[in-house]
Amino acid sequence: MDSTLQRAADLLAQARFPVFGGLFTDVDGATAALALAQKLGGVVDHAASEGTSRAARVMRETGSTPASFGEVRNRADTVVLIGDGPRERDADLLEKLFPAKNLPRPGDNKRELIVVGTKKGKTPAGIRTTEIGGKNPLPELVALLGAATREMPFETRDAALGKKVLSAGQRLRDSAFVVFVYDPAELEEPVMHTVLETVRYLVKTTRASTLAMSAPGNGDGVNLCSIWTCALPVRTSFAGEIPENNMWAFETERLLKSGEADALVWIDALDGAEVAPPTRAFRGVPSIVLSSKPVKAGRDDVVIEVGAAAADHDAALYLPPIAGIGVVKAKSAKSDKPTVADVLNKIGTLIDEKGAA
Amino acid sequence: MLIQLKGGRVIDPANNRDSVGDVYLKNGRVVAAPEGREPDEVHDVSGKIVMAGAIDVHSHIAGTNVTLGRQLMPELPLIAASEGQPYGPSPAVWGSYATGIRYAEMGYTTVIEPAMIPTHAIQAHKEMAAIPIIDCAGLVVLGNDDYTLNLLRKGDVKSDELKDYVAWTLAHSKALGLKVINAGGSEAFKFNARTFDLDEQVPEYGVTSRGIVEAMQQAIADLGVPHPPHVHTNNLGIAGNVDTAVATLKATGGHPIHLAHIQFYGYGKEGDKGFSSGAPALMEAINKHKKATVDVGQVMFGQTITISGDVLRQFDGRRAANPKKWVINQAEGNGTGVVPYNYKKKSFVNALQWAIGLEIFLLAEDPWRVLFSTDHPNGALFTRYPEIFHLLMDKNERSRWFDALPEASRQVSGLAGISREITLSELAIMTRAAPAKVLGLTDRGHLAPGAVADVAVYTEQKNKTKMFSAADLVFKSGKLVVRKGTVVDLSWGQCYHVDPGFDRQIEKRVRSYYETYYGADPSWFGVTETVSDRPDRFATIRCAS
């Protein structure tokens with residue numbers, strides 16, 4: 001192991017612009033990756049950061065109106081499910097959002113579900129459900145619902161759809177607490193803006209919020225860690241005088257294809273989730289792979305087997321039910337496999353020692 | 001190693017010391033002058049001021065609310081810098097690393113995060129553990145959560161369940177104390193209330209804000225937690241709210257209470273504009289209520305961001321967002337409101353807010369009960385502290401600022417009539433001795449033998465902004481960490497918490513509650529020693545009972 005770590009340290013010490021990608025790891029692993037990226041002037045990205053990056057940009061431009069999972073589950077009288085993403089991320093989502101028992105809710109309405117632009121799917125028994133679908137694309141459906149809610153005029157060739165949207169808009173205005181549920185990986189920024197503006201219209205008189213599905217691979221945990229480290233989400237470069245965030249410029253695959261990145265640290269070490277490496281990760285770019293799974297690596301790559309977070313060791317991860325970072329206990333009683341944090345911290349120390357020598 | 005700080009003016013009000021002399025440090029503690037032993041290291045500090053390391057009782061430096069603020073406005077430090085506001089050693093001043101560095105450079109060695117959400121305590125602790133040099137602690141938020149309100153709905157709590165629940169929450173989140181934010185107000189917001197006063201009832205629960213605060217005071221007293229409930233009361237930021245603050249003080253009965261950021265409650269509604277200084281009335285009440293302590297929440301002009309668990313207040317405040325973007329986060333307990341704000345010298349209200357904060361400091365009869373804060377970042381970034389010290393200690397500097405304010409603000413402010421200048425000893429009380437005493441951190445805030453060796457040395461100069469911006473020397477637990485205003489050694493501090501006992505039955509009840517209503521296991525958010533990779537990260541502060 002020592003010689004492997006030394007090879008990794010040598011490789012990274014020579015790198016001009018390394019990228020730390022994948023980042024399917026726990027918060028401690030992310031902390032170590034961020035520290036090393038800062039030390040070396042590299043980039044941090046997460047394999048599922050497409051959605052979180054878009055949401056982060058909308059947040060920076062205009063803000064956000066989130067509700068925690070627990071609040072939606074207990075207090076919302078109207079849940080608007082947008083797109084297929086949420087149910088693809090969590091097949092039991094609607095059962096969780098409509099439990100048999102909940103805390104006191106505002107208003108007298110029975111709970112309702114409105115699904116917008118989704119494939120047919122299971123809906124909770126006993127809950128009135130309105131489906132707004134048809135052939136129209138999702139952004140158009142969201143825009144129609146937004147216009148109807150704000151009592152703005154709109155036209156659509158599908159008269160039945162128009163009637164349904166008007167009725168849904170009325171329901172939203174009459175609700176005590178509307179929550180729009182979506183996956184940022186599925187919605188483009190203008191659609192997120194439409195949802196946000198609809199919420200901001202509703203909150204003038206009542207309560208309304210959004211619930212964004214969390215990114216796979218502890219994407220939200222890694223993102224939060226990045227924010228408290230440097231105030232910026234992932235897809236951030238530490239190469240300049242100040243950290244710089246750019247969702248296009250600092251995307252792993254693009255950096256590798258363009259040749260801007262000259263080394264890759266790829267991390268895939270989370271129980272119950274795995275991530276496909278970038279297409280050129282193991283070809284042409286010197287790579288260090290930290291993985292809890294078997295890896296097909298290039299001849300010159302450095303492969304380090306690590307424990308899987310939440311399986312081989314306790315792990316701090318973003319947990320949707322508490323809408324924050326919690327700790328999941330290890331499944332195995334004892335594992336000798338090092339953690340991602342152990343390995344990256346040791347590599348950092350070796351680089352420091354080499355620099356000092 | 002024995003370190004001698006030789007020949008400085010030692011200002012240590014906790015021990016009635018203000019004289020030229022020596023301070024000795026050994027093994028991380030202050031020690032008495034040793035006989036017959038030469039020090040291993042001598043620092044000649046003659047002509048300089050020697051104080052204990054400063055302690056900030058109320059500064060939002062970690063946790064969900066702060067992170068939301070960073071997400072909304074990562075550009076804040078750059079805007080602040082462009083306005084001429086001092087900021088940290090790096091543009092990532094919003095980050096944990098820069099927070100510790102800048103605090104240490106100013107001579108601060110302990111900082112309290114006053115709003116740790118129980119379910120997000122792990123994040124808050126991970127963030128605090130990433131802040132170098134300074135010691136930290138968190139106050140955990142209760143009073144708007146369904147479990148508490150449901151207990152209080154039953155009328156008077158005859159069993160010890162509330163006390164056990166408070167104790168469990170403190171222990172589970174490794175908190176130093178309890179924070180109560182607009183008690184019941186944030187919960188009322190969930191039922192679409194837009195205002196909430198001390199004696200209004202929370203919809204569905206029936207309990208009043210007054211009842212919640214009283215119950216929390218009783219629980220904290222019964223548990224013997226050293227720091228009294230740290231209360232952000234109702235009607236923050238509203239004209240006429242000085243009456244609410246005074247009524248809250250009167251309602252405290254015999255129990256101690258700490259009122260947070262009272263500048264934001266120092267507002268009368270006299271005058272043509274319906275907004276005036278309530279500072280004299282507020283300070284009269286505080287001066288009378290000997291068991292009350294407060295921190296001020298001083299405002300300074302310039303760009304900042306307001307972050308608060310008072311989601312009801314922040315919802316109203318969103319209309320004043322500058323830049324025009326905001327976050328309202330609806331969550332268990334309090335939720336969060338994040339609203340950027342630019343305090344402007346030309347604004348009648350902002351100018352008066354600035355003056356009211358200074359009036360509060362200067363009208364305090366007892367500096368042991370009026371602690372320094374800006375409610376960072378709500379009133380101002382903590383990087384502005386030296387400027388505020390200057391204003392408090394130099395009436396000419398105060399006049400220079402005051403004379404530039406709008407005429408309407410100057411006419412209704414009593415600040416110009418106050419000639420008091422805060423002394424170095426009083427400043428040491430407000431920023432060191434008193435916070436330590438109020439928090440129950442008895443081994444700091446002073447320089448008696450046995451105290452933790454947190455020491456700040458400054459060069460005395462007329463320009464107090466310069467004096468306090470960069471300490472000459474700072475020792476953290478006996479280690480020299482700052483020299484000439486620059487960090488020379490990165491060390492890592494500890495985190496302080498209480499661990500009151502409770503009936504273990506509460507764990508079963510809370511587990512059943514979370515599983516039923518949230519589909520969550522409370523063990524997920526329980527803070528353990530392993531939240532940090534440093535084995536000596538945590539230290540327990542003893543409770544009286």
# chains A, B, ... in the order shown; residues from 1 in each chain; ligands from 1
>>> interface_residues(of="chain A", to="chain B", cutoff="6 Å", atoms="only C-alpha atoms", output="list in words")
Met59, Arg60, Thr62, Gly63, Ser64, Thr65, Pro66, Ala67, Ser68, Gly70, Glu71, Asn102, Pro106, Trp228, Thr229, Cys230, Ala231, Gly324, Ile325, Gly326 and Val327 of chain A
>>> residues_around(residues="Lys337 of chain A", least_positions_apart="4", cutoff="8 Å", atoms="only C-alpha atoms", output="list of chain:residue names")
A:Glu305, A:Val306, A:Gly307, A:Asp312
>>> residues_around(residues="Phe348 of chain B", least_positions_apart="5", cutoff="12 Å", atoms="only C-alpha atoms", output="mmCIF file with C-alpha atoms, in the first residue's frame")
data_model
loop_
_atom_site.group_PDB
_atom_site.id
_atom_site.type_symbol
_atom_site.label_atom_id
_atom_site.label_comp_id
_atom_site.auth_asym_id
_atom_site.auth_seq_id
_atom_site.Cartn_x
_atom_site.Cartn_y
_atom_site.Cartn_z
ATOM 1 C CA ASP B 272 -43.213 61.771 12.125
ATOM 2 C CA LYS B 273 -41.833 58.610 10.587
ATOM 3 C CA GLY B 274 -43.218 56.290 13.283
ATOM 4 C CA PHE B 275 -39.749 55.016 14.121
ATOM 5 C CA SER B 276 -37.601 56.174 17.010
ATOM 6 C CA SER B 277 -34.972 55.045 19.471
ATOM 7 C CA TYR B 343 -27.466 49.108 5.591
ATOM 8 C CA GLN B 353 -30.456 51.400 13.937
ATOM 9 C CA TRP B 354 -26.729 52.150 13.975
ATOM 10 C CA ALA B 355 -27.201 54.822 16.623
ATOM 11 C CA ALA B 404 -22.675 62.447 8.459
ATOM 12 C CA LEU B 405 -26.056 60.853 9.151
ATOM 13 C CA PRO B 406 -29.344 62.196 7.769
ATOM 14 C CA GLU B 407 -30.677 65.186 9.685
ATOM 15 C CA ALA B 408 -33.950 63.393 10.509
ATOM 16 C CA SER B 409 -32.076 60.505 12.155
ATOM 17 C CA ARG B 410 -29.834 62.801 14.170
ATOM 18 C CA GLN B 411 -32.807 64.751 15.475
ATOM 19 C CA VAL B 412 -34.481 61.719 17.039
ATOM 20 C CA SER B 413 -31.327 60.035 18.320
#
>>> atom_distance(atom1="atom CA of Leu162 of chain B", atom2="atom CA of Pro435 of chain B")
27.4 Å
>>> residues_around(residues="segment 84-86 of chain A", least_positions_apart="3", cutoff="6 Å", atoms="only C-alpha atoms", output="list in words")
Arg89, Thr118, Tyr182 and Asp183 of chain A
>>> select_by_dssp(residues="segment 118-352 of chain A", states="strand (DSSP E or B)", output="JSON, numbers by chain")
{"A": [128, 129, 130, 131, 132, 177, 178, 179, 180, 181, 182, 207, 208, 209, 210, 211, 212, 236, 237, 244, 245, 263, 264, 265, 266, 267, 268, 270, 273, 287, 288, 289, 290, 291, 302, 303, 304, 305, 309, 313, 315, 316, 317, 318, 319, 324, 325, 326, 327, 328]}
>>> select_by_dssp(residues="segment 133-263 of chain A", states="helix (DSSP H, G or I)", output="PyMOL selection string")
chain A and resi 138-149+159-174+189-202+219-230+252-258
>>> residues_around(residues="Gly357 of chain B", least_positions_apart="6", cutoff="7 Å", atoms="only C-alpha atoms", output="VMD selection string")
chain B and resid 263 296 298 to 299
>>> write_last_selection(atoms="N, CA and C atoms", output="PDB file, in the first residue's frame")
ATOM      1  N   GLN B 263     -30.408  45.155  19.939  1.00  0.00           N
ATOM      2  CA  GLN B 263     -30.531  46.351  19.100  1.00  0.00           C
ATOM      3  C   GLN B 263     -31.763  46.238  18.206  1.00  0.00           C
ATOM      4  N   VAL B 296     -25.753  42.655  21.887  1.00  0.00           N
ATOM      5  CA  VAL B 296     -26.329  43.861  21.287  1.00  0.00           C
ATOM      6  C   VAL B 296     -26.751  43.684  19.827  1.00  0.00           C
ATOM      7  N   GLN B 298     -24.963  44.940  17.072  1.00  0.00           N
ATOM      8  CA  GLN B 298     -24.703  46.272  16.495  1.00  0.00           C
ATOM      9  C   GLN B 298     -24.771  46.227  14.961  1.00  0.00           C
ATOM     10  N   VAL B 299     -25.372  47.266  14.412  1.00  0.00           N
ATOM     11  CA  VAL B 299     -25.444  47.425  12.952  1.00  0.00           C
ATOM     12  C   VAL B 299     -24.278  48.290  12.478  1.00  0.00           C
TER      13      VAL B 299
END
>>> atom_distance(atom1="atom CA of Val295 of chain A", atom2="atom CA of His46 of chain A")
18.8 Å
>>> residues_around(residues="Arg16 of chain A", least_positions_apart="6", cutoff="12 Å", atoms="only C-alpha atoms", output="list in words")
Ala37, Lys39, Leu40, Gly41, Gly42, Val43, Phe238, Ala239, Gly259, Glu260, Ala261, Asp262, Ala263, Leu264 and Pro286 of chain A
>>> residues_around(residues="segment 131-147 of chain A", least_positions_apart="5", cutoff="6 Å", atoms="only C-alpha atoms", output="count of residues only")
8
>>> atom_distance(atom1="atom CA of Arg318 of chain B", atom2="atom CA of Pro229 of chain B")
27.8 Å
>>> closest_residue(among="A:Glu197, A:Glu353, A:Asp220, A:Glu95", to="Ser53 of chain A", atoms="only C-alpha atoms")
A:Asp220
>>> closest_residue(among="B:Ile3, B:Ala470, B:Leu358, B:Leu381", to="Arg420 of chain B", atoms="only C-alpha atoms")
B:Leu358
>>> closest_residue(among="A:Val181, A:Leu166, A:Val44, A:Ala316", to="Leu97 of chain A", atoms="only C-alpha atoms")
A:Val181
>>> decode(residues="segment 440-477 of chain B", atoms="N, CA, C and O atoms", output="short mmCIF file (atom, residue, chain, number, x, y, z; two decimals), in the first residue's frame")
data_model
loop_
_atom_site.label_atom_id
_atom_site.label_comp_id
_atom_site.auth_asym_id
_atom_site.auth_seq_id
_atom_site.Cartn_x
_atom_site.Cartn_y
_atom_site.Cartn_z
N GLY B 440 -20.87 30.05 31.18
CA GLY B 440 -20.42 29.01 32.11
C GLY B 440 -19.06 28.44 31.73
O GLY B 440 -18.69 27.35 32.19
N LEU B 441 -18.31 29.17 30.92
CA LEU B 441 -16.97 28.73 30.53
C LEU B 441 -15.97 29.37 31.50
O LEU B 441 -15.30 30.36 31.21
N THR B 442 -15.88 28.78 32.68
CA THR B 442 -15.19 29.43 33.78
C THR B 442 -13.67 29.47 33.62
O THR B 442 -13.00 30.19 34.34
N ASP B 443 -13.14 28.68 32.68
CA ASP B 443 -11.68 28.64 32.56
C ASP B 443 -11.16 29.59 31.49
O ASP B 443 -10.05 29.44 31.01
N ARG B 444 -11.94 30.55 31.10
CA ARG B 444 -11.47 31.50 30.08
C ARG B 444 -12.10 32.87 30.32
O ARG B 444 -12.92 33.03 31.21
N GLY B 445 -11.67 33.82 29.52
CA GLY B 445 -12.18 35.19 29.71
C GLY B 445 -11.43 35.91 30.81
O GLY B 445 -11.75 37.06 31.13
N HIS B 446 -10.44 35.25 31.41
CA HIS B 446 -9.64 35.89 32.46
C HIS B 446 -8.24 35.30 32.44
O HIS B 446 -7.95 34.37 31.67
N LEU B 447 -7.37 35.84 33.30
CA LEU B 447 -5.95 35.46 33.26
C LEU B 447 -5.45 34.97 34.62
O LEU B 447 -4.24 35.05 34.90
N ALA B 448 -6.35 34.47 35.44
CA ALA B 448 -5.90 33.92 36.73
C ALA B 448 -5.27 32.55 36.50
O ALA B 448 -5.59 31.86 35.52
N PRO B 449 -4.36 32.14 37.39
CA PRO B 449 -3.78 30.80 37.25
C PRO B 449 -4.87 29.74 37.13
O PRO B 449 -5.88 29.77 37.85
N GLY B 450 -4.69 28.85 36.20
CA GLY B 450 -5.68 27.80 35.96
C GLY B 450 -6.50 28.06 34.71
O GLY B 450 -7.08 27.14 34.13
N ALA B 451 -6.57 29.32 34.31
CA ALA B 451 -7.34 29.64 33.10
C ALA B 451 -6.64 29.04 31.88
O ALA B 451 -5.41 28.89 31.87
N VAL B 452 -7.42 28.71 30.88
CA VAL B 452 -6.83 28.25 29.63
C VAL B 452 -5.98 29.40 29.07
O VAL B 452 -6.35 30.56 29.19
N ALA B 453 -4.83 29.06 28.52
CA ALA B 453 -3.86 30.09 28.12
C ALA B 453 -4.23 30.70 26.77
O ALA B 453 -3.50 30.59 25.79
N ASP B 454 -5.38 31.33 26.73
CA ASP B 454 -5.83 32.09 25.56
C ASP B 454 -5.57 33.56 25.87
O ASP B 454 -6.22 34.15 26.74
N VAL B 455 -4.63 34.14 25.17
CA VAL B 455 -4.19 35.51 25.49
C VAL B 455 -4.03 36.31 24.20
O VAL B 455 -3.54 35.78 23.20
N ALA B 456 -4.46 37.57 24.26
CA ALA B 456 -4.26 38.47 23.12
C ALA B 456 -3.47 39.69 23.58
O ALA B 456 -3.77 40.25 24.64
N VAL B 457 -2.47 40.08 22.80
CA VAL B 457 -1.64 41.24 23.11
C VAL B 457 -1.80 42.25 21.98
O VAL B 457 -1.70 41.90 20.80
N TYR B 458 -2.08 43.50 22.39
CA TYR B 458 -2.28 44.57 21.40
C TYR B 458 -1.34 45.72 21.69
O TYR B 458 -0.97 45.96 22.84
N THR B 459 -1.01 46.48 20.64
CA THR B 459 -0.28 47.74 20.83
C THR B 459 -1.31 48.84 21.02
O THR B 459 -2.14 49.06 20.14
N GLU B 460 -1.24 49.50 22.18
CA GLU B 460 -2.23 50.55 22.42
C GLU B 460 -1.98 51.71 21.47
O GLU B 460 -0.86 52.16 21.28
N GLN B 461 -3.05 52.16 20.84
CA GLN B 461 -2.96 53.32 19.96
C GLN B 461 -4.30 54.02 19.93
O GLN B 461 -5.33 53.43 20.28
N LYS B 462 -4.26 55.29 19.57
CA LYS B 462 -5.49 56.09 19.59
C LYS B 462 -6.51 55.51 18.60
O LYS B 462 -7.69 55.49 18.88
N ASN B 463 -6.02 55.11 17.47
CA ASN B 463 -6.91 54.53 16.47
C ASN B 463 -7.24 53.09 16.86
O ASN B 463 -6.49 52.16 16.60
N LYS B 464 -8.40 52.95 17.51
CA LYS B 464 -8.77 51.64 18.04
C LYS B 464 -9.09 50.64 16.92
O LYS B 464 -9.00 49.43 17.12
N THR B 465 -9.50 51.15 15.77
CA THR B 465 -9.75 50.24 14.64
C THR B 465 -8.46 49.50 14.30
O THR B 465 -8.44 48.27 14.15
N LYS B 466 -7.37 50.29 14.21
CA LYS B 466 -6.08 49.67 13.90
C LYS B 466 -5.63 48.77 15.03
O LYS B 466 -5.12 47.67 14.81
N MET B 467 -5.83 49.24 16.24
CA MET B 467 -5.35 48.49 17.40
C MET B 467 -5.95 47.09 17.45
O MET B 467 -5.24 46.11 17.68
N PHE B 468 -7.27 47.01 17.22
CA PHE B 468 -7.94 45.72 17.40
C PHE B 468 -8.07 44.91 16.11
O PHE B 468 -8.56 43.79 16.13
N SER B 469 -7.65 45.48 14.98
CA SER B 469 -7.71 44.72 13.73
C SER B 469 -6.65 43.63 13.69
O SER B 469 -6.84 42.59 13.05
N ALA B 470 -5.53 43.92 14.32
CA ALA B 470 -4.40 42.98 14.22
C ALA B 470 -3.70 42.89 15.57
O ALA B 470 -3.00 43.83 15.97
N ALA B 471 -3.93 41.80 16.26
CA ALA B 471 -3.24 41.61 17.55
C ALA B 471 -1.75 41.42 17.30
O ALA B 471 -1.35 40.85 16.28
N ASP B 472 -0.94 41.91 18.23
CA ASP B 472 0.51 41.68 18.12
C ASP B 472 0.84 40.21 18.30
O ASP B 472 1.63 39.63 17.55
N LEU B 473 0.25 39.65 19.35
CA LEU B 473 0.46 38.23 19.65
C LEU B 473 -0.86 37.63 20.08
O LEU B 473 -1.65 38.28 20.77
N VAL B 474 -1.13 36.41 19.67
CA VAL B 474 -2.26 35.66 20.21
C VAL B 474 -1.77 34.26 20.57
O VAL B 474 -1.11 33.60 19.74
N PHE B 475 -2.07 33.87 21.79
CA PHE B 475 -1.77 32.51 22.23
C PHE B 475 -3.08 31.76 22.35
O PHE B 475 -4.03 32.24 22.96
N LYS B 476 -3.14 30.58 21.75
CA LYS B 476 -4.34 29.72 21.91
C LYS B 476 -3.89 28.47 22.66
O LYS B 476 -3.02 27.73 22.18
N SER B 477 -4.47 28.29 23.81
CA SER B 477 -4.09 27.17 24.68
C SER B 477 -2.57 27.10 24.84
O SER B 477 -1.95 26.04 24.79
#
